[in-house]
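**Student:** Right, I'll just put the structure down here and ask away after.
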Amino acid sequence: MRFGATIFLASLLAAAGIVLRPLIATEIPPGERRSGYTFMGPETKAMQDDDTANPGMLGALDGEALWNRKAGATGKACAECHGDARASMKGVAARYPAYDRPLGRPVNLEQRINLCRARHQEADPLPYEKHDLLALTAFVAEQSRGMPIAPDTVPEIEPFIAKGREFFMHRQGQLNLGCTNCHDDNWDKHLAGSPVTQAMPTGYPIYRLEWQSLGSLQRRLRNCINGMRAQNFDFGASELVELELYLMSRARGMPMETPAVRP
Amino acid sequence: MQRRDVSTRRRFLGLAGSTAAIGAFPFAISIREVEATPETMATAIRSVTGGATVQTGKVKLDIPPLVENGNSVPMTVTVTSPMTSDDYVKSIHVFNEKNPQPNLGNFYLKPGAGRAQVATRVRLADSQKIIAIAKLSDGSLWSVTTEVVVTLAACTEDVM
Amino acid sequence: MAAALINVPKKAKSGDVIEIKTLMSHIMETGYRHTTTGAVVPRDIITSFTCRFDGEEIFRADLFPATAANPFISFFTVARKSGKFDFEWIGDNGFSETASASITVE
């Protein structure tokens with residue numbers, strides 16, 4: 001078991017006088033982290049690798065159109081303030097979820113887009129998980145493709161990361177499962193024919209073959225929580241944002257792949 | 001988000017004796033017997049071949065033997081042919097056994113194609129046989145048959 | 001908003017066999033899904049895809065409910081002369097979309 005192997009290695013290194021950053025329980029060592037991409041078959045990988053064969057790119061194309069479309073009472077498009085997204089949005093998605101000072105809590109990229117719409121375009125928020133918000137998020141996040149995941153690190157955000165981590169670790173629901181039981185302790189094993197990944201959100205919004213459409217990380221998390229038979233949360237709930245924040249922090253340094261393809 | 005009719009795939013999961021029944025949550029959906037049978041596929045094939053003899057060979061079907069998700073299965077059909085105006089592949093027809101309908105796609109080529117190779121993505125409802133039949137310009141028919149295993153995603157989604 | 005992604009090489013030498021890849025956004029509703037109340041979600045699919053070069057058909061495909069959502073189709077053609085590829089998707093409920101791409105053949 002990986003856990004046992006890690007402790008063995010740690011004790012060897014300790015014996016050799018090498019001090020290790022304390023590994024809390026079952027966290028995956030940074031060197032062993034793998035994107036969900038690596039668990040896929042060659043055909044699905046090929047689907048992601050080819051921009052003209054990746055169905056998620058269709059969403060990103062629609063997102064680009066939305067970026068340039070006037071919105072709200074101000075009649076301004078995103079492009080009017082932000083210009084060419086390829087320049088202005090580079091690295092942005094990699095920093096999310098980020099701390100929003102006026103709200104006093106972290107927000108994810110979808111919420112940031114809606115906050116911009118409200119504050120700067122005087123436009124109604126785009127509904128969660130509907131095509132427009134997914135497309136716009138995919139377009140913005142695509143501009144961070146290849147860049148290392150680097151969610152916000154301001155001191156104020158620490159307690160929220162801790163809450164997300166607490167959710168990931170504790171057992172819950174009818175199956176008395178914690179996310180960590182599968183994704184830290186049993187990754188690379190199989191659940192009903194599908195590989196258990198490490199749950200690194202490297203490519204969201206993803207084109208998931210199961211959904212046959214683009215979908216957000218929150219949709220995936222709600223799917224997981226439902227699978228665990230635990231109490232679920234609505235889109236936009238702070239618990240989900242905290243979990244997203246923890247997952248992105250856990251994936252710090254891994255390259256963004258948006259729009260990824262996943263089974 | 002509407003509930004998808006997953007009756008045939010659920011039955012497969014049950015038959016496979018999977019103990020990971022996490023996905024087979026007993027939602028109240030109507031179990032519909034909508035499934036192609038080997039007879040339906042045979043009829044569909046006959047409408048293309050006209051009952052003529054189909055030889056095995058020349059056709060290659062590239063499809064993952066273990067499908068990651070039955071909703072979108074990449075499939076490439078290649079037929080060995082010089083693709084000249086005298087000797088070319090006129091059409092390729094792909095069939096399946098267990099989807100509600102027997103057809104997966106028909107493709108019509110011209111000699112100027114250069115290569116008789118077509119790729120697309122199909123939906124497969126269950127583990128089953130796939131048959132690709134090529135009609136050549138001289139009227140001959142060639143085919144290949146492949147078996148594919150399809151599994152369900154482990155944790156199904158609640159109705160949105 | 002039906003986006004399409006086409007991949008045609010911009011340039012080719014005469015006689016080259018080139019691959020053309022197409023991706024069209026479409027839900028490809030099978031007609032076999034049901035709502036929670038048991039009502040059938042009606043079929044809504046692309047039924048036919050055609051590619052023409054300078055007006056002449058070079059490739060055609062019949063699509064079915066078994067075609068995956070956001071249909072991806074790739075095929076080959078021999079580059080003979082410079083010109084324009086026209087792509088057409090036709091389907092249920094009057095669905096009709098076109099796209100085009102030019103090629104320079106040396």
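Residue numbering restarts at 1 in every chain; chains get A, B, ... in the order shown in the structure tokens, and ligands count up from 1 in that same order.
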Please report, as a Markdown table, each residue of chain C lying at most 8 Å from chain B, together with the nearest pair of atoms and the separation in Å rounded to one decimal; use only C-alpha atoms, and order rows by chain and ascending residue number.

**Tutor:**
```
| residue | atom | partner | partner_atom | distance |
| --- | --- | --- | --- | --- |
| C:Val17 | CA | B:Gly114 | CA | 5.7 |
| C:Tyr32 | CA | B:Asp5 | CA | 6.9 |
| C:Arg33 | CA | B:Arg4 | CA | 4.9 |
| C:His34 | CA | B:Arg3 | CA | 6.0 |
| C:Thr35 | CA | B:Gln2 | CA | 4.8 |
| C:Thr36 | CA | B:Arg3 | CA | 6.2 |
| C:Gly38 | CA | B:Ser30 | CA | 6.9 |
| C:Ile58 | CA | B:Lys110 | CA | 5.8 |
| C:Phe59 | CA | B:Leu109 | CA | 5.2 |
| C:Arg60 | CA | B:Tyr108 | CA | 5.1 |
| C:Ala61 | CA | B:Phe107 | CA | 4.4 |
| C:Asp62 | CA | B:Asn106 | CA | 5.0 |
| C:Leu63 | CA | B:Gly105 | CA | 5.5 |
| C:Phe64 | CA | B:Leu104 | CA | 6.4 |
| C:Pro65 | CA | B:Gln101 | CA | 7.9 |
| C:Ala66 | CA | B:Arg123 | CA | 4.9 |
| C:Thr67 | CA | B:Val122 | CA | 4.4 |
| C:Ala68 | CA | B:Val122 | CA | 4.7 |
| C:Ala69 | CA | B:Ser72 | CA | 7.5 |
| C:Pro71 | CA | B:Arg121 | CA | 6.8 |
| C:Phe72 | CA | B:Thr120 | CA | 5.2 |
| C:Ile73 | CA | B:Thr120 | CA | 4.7 |
| C:Ser74 | CA | B:Ala119 | CA | 5.1 |
| C:Phe75 | CA | B:Val118 | CA | 4.8 |
| C:Phe76 | CA | B:Ala113 | CA | 5.4 |
| C:Thr77 | CA | B:Ala113 | CA | 3.9 |
| C:Val78 | CA | B:Gly114 | CA | 5.2 |
```

**Student:** Enumerate as a VMD selection string the residues belonging to chain C that approach chain A to within 10 Å, with only C-alpha atoms taken into account.

**Tutor:** chain C and resid 1 to 8 21 to 28 68 to 74

**Student:** Between A:Pro106, A:Gly164, A:Gly193, A:Gly215, which is the closest to chain B once you count only C-alpha atoms?

**Tutor:** A:Gly193

**Student:** May I ask you to extract the residues of chain A within 9 Å of chain B, using only C-alpha atoms, and to give them as a list in words?

**Tutor:**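 Here is what falls inside 9 Å: Met40, Gly41, Pro42, Glu43, Thr44, Met47, Leu191, Ala192, Gly193, Ser194, Leu209, Glu210, Trp211, Gln212, Arg220, Arg222, Asn223, Cys224, Asn226, Gly227, Met228, Arg229 and Pro263 of chain A.
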
**Student:** Apply DSSP to the backbone of this structure and, from stretch 4-208 of chain A, keep only the residues in alpha helix (DSSP H); write these as a PyMOL selection string.

**Tutor:** chain A and resi 4-15+42-49+55-67+78-82+85-88+109-116+131-142+158-169+179-183

**Student:** Could you tell me how far atom CA of B:Glu147 sits from atom CA of B:Val48, in Å to one decimal place?

**Tutor:**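 Those two atoms sit 21.3 Å apart.
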
**Student:** Which residues are near A:Val241? Cut-off 9 Å, only C-alpha atoms, ignore same chain within fewer than 3 positions. Put them as a list in words.

**Tutor:**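 Within the cut-off, the hits are Pro97, Pro106, Val107, Asn108, Phe160, Gly164, Gln218, Gly236, Ala237, Ser238, Glu244, Leu245 and Tyr246 of chain A.
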
**Student:** Just how far from atom CA of C:Lys10 is atom CA of C:Ser100, in Å to one decimal?

**Tutor:**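 Atom CA of C:Lys10 lies at a distance of 12.1 Å from atom CA of C:Ser100.
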
**Student:** Calculate how many Å separate atom CA of A:Leu221 from atom CA of A:Leu136, rounding to one decimal.

**Tutor:**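 We find that atom CA of A:Leu221 and atom CA of A:Leu136 lie 20.1 Å from each other.
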
**Student:** Hey, what does DSSP flag as strand (DSSP E) within stretch 80-136 of chain B? Can you give it to me as a PDB file with C-alpha atoms, in the first residue's frame?

**Tutor:**
```
ATOM      1  CA  VAL B  89     -14.290   1.787 -52.095  1.00  0.00           C
ATOM      2  CA  LYS B  90     -17.769   3.172 -52.786  1.00  0.00           C
ATOM      3  CA  SER B  91     -19.156   2.970 -49.307  1.00  0.00           C
ATOM      4  CA  ILE B  92     -18.529   1.714 -45.784  1.00  0.00           C
ATOM      5  CA  HIS B  93     -21.348   0.656 -43.473  1.00  0.00           C
ATOM      6  CA  VAL B  94     -20.911  -0.026 -39.757  1.00  0.00           C
ATOM      7  CA  PHE B  95     -23.372  -2.027 -37.677  1.00  0.00           C
ATOM      8  CA  ASN B  96     -23.786  -3.072 -34.064  1.00  0.00           C
ATOM      9  CA  ASN B 103     -26.555   1.412 -37.598  1.00  0.00           C
ATOM     10  CA  LEU B 104     -23.413   3.187 -36.459  1.00  0.00           C
ATOM     11  CA  GLY B 105     -22.756   5.061 -39.697  1.00  0.00           C
ATOM     12  CA  ASN B 106     -22.650   4.929 -43.485  1.00  0.00           C
ATOM     13  CA  PHE B 107     -19.842   6.611 -45.382  1.00  0.00           C
ATOM     14  CA  TYR B 108     -19.725   7.284 -49.122  1.00  0.00           C
ATOM     15  CA  LEU B 109     -16.397   7.806 -50.840  1.00  0.00           C
ATOM     16  CA  ALA B 116     -10.364   4.665 -47.694  1.00  0.00           C
ATOM     17  CA  GLN B 117     -10.244   5.629 -44.030  1.00  0.00           C
ATOM     18  CA  VAL B 118     -12.957   7.265 -41.975  1.00  0.00           C
ATOM     19  CA  ALA B 119     -12.937   8.111 -38.265  1.00  0.00           C
ATOM     20  CA  THR B 120     -15.816   9.135 -36.043  1.00  0.00           C
ATOM     21  CA  ARG B 121     -17.141   8.687 -32.495  1.00  0.00           C
ATOM     22  CA  VAL B 122     -20.081   6.453 -31.710  1.00  0.00           C
ATOM     23  CA  GLN B 128     -21.205  -6.113 -28.220  1.00  0.00           C
ATOM     24  CA  LYS B 129     -20.069  -7.040 -31.726  1.00  0.00           C
ATOM     25  CA  ILE B 130     -19.367  -4.344 -34.266  1.00  0.00           C
ATOM     26  CA  ILE B 131     -19.391  -5.184 -37.981  1.00  0.00           C
ATOM     27  CA  ALA B 132     -17.988  -2.983 -40.753  1.00  0.00           C
ATOM     28  CA  ILE B 133     -18.870  -3.770 -44.370  1.00  0.00           C
ATOM     29  CA  ALA B 134     -17.221  -2.177 -47.397  1.00  0.00           C
ATOM     30  CA  LYS B 135     -18.774  -2.072 -50.875  1.00  0.00           C
ATOM     31  CA  LEU B 136     -16.179  -1.903 -53.601  1.00  0.00           C
TER      32      LEU B 136
END
```
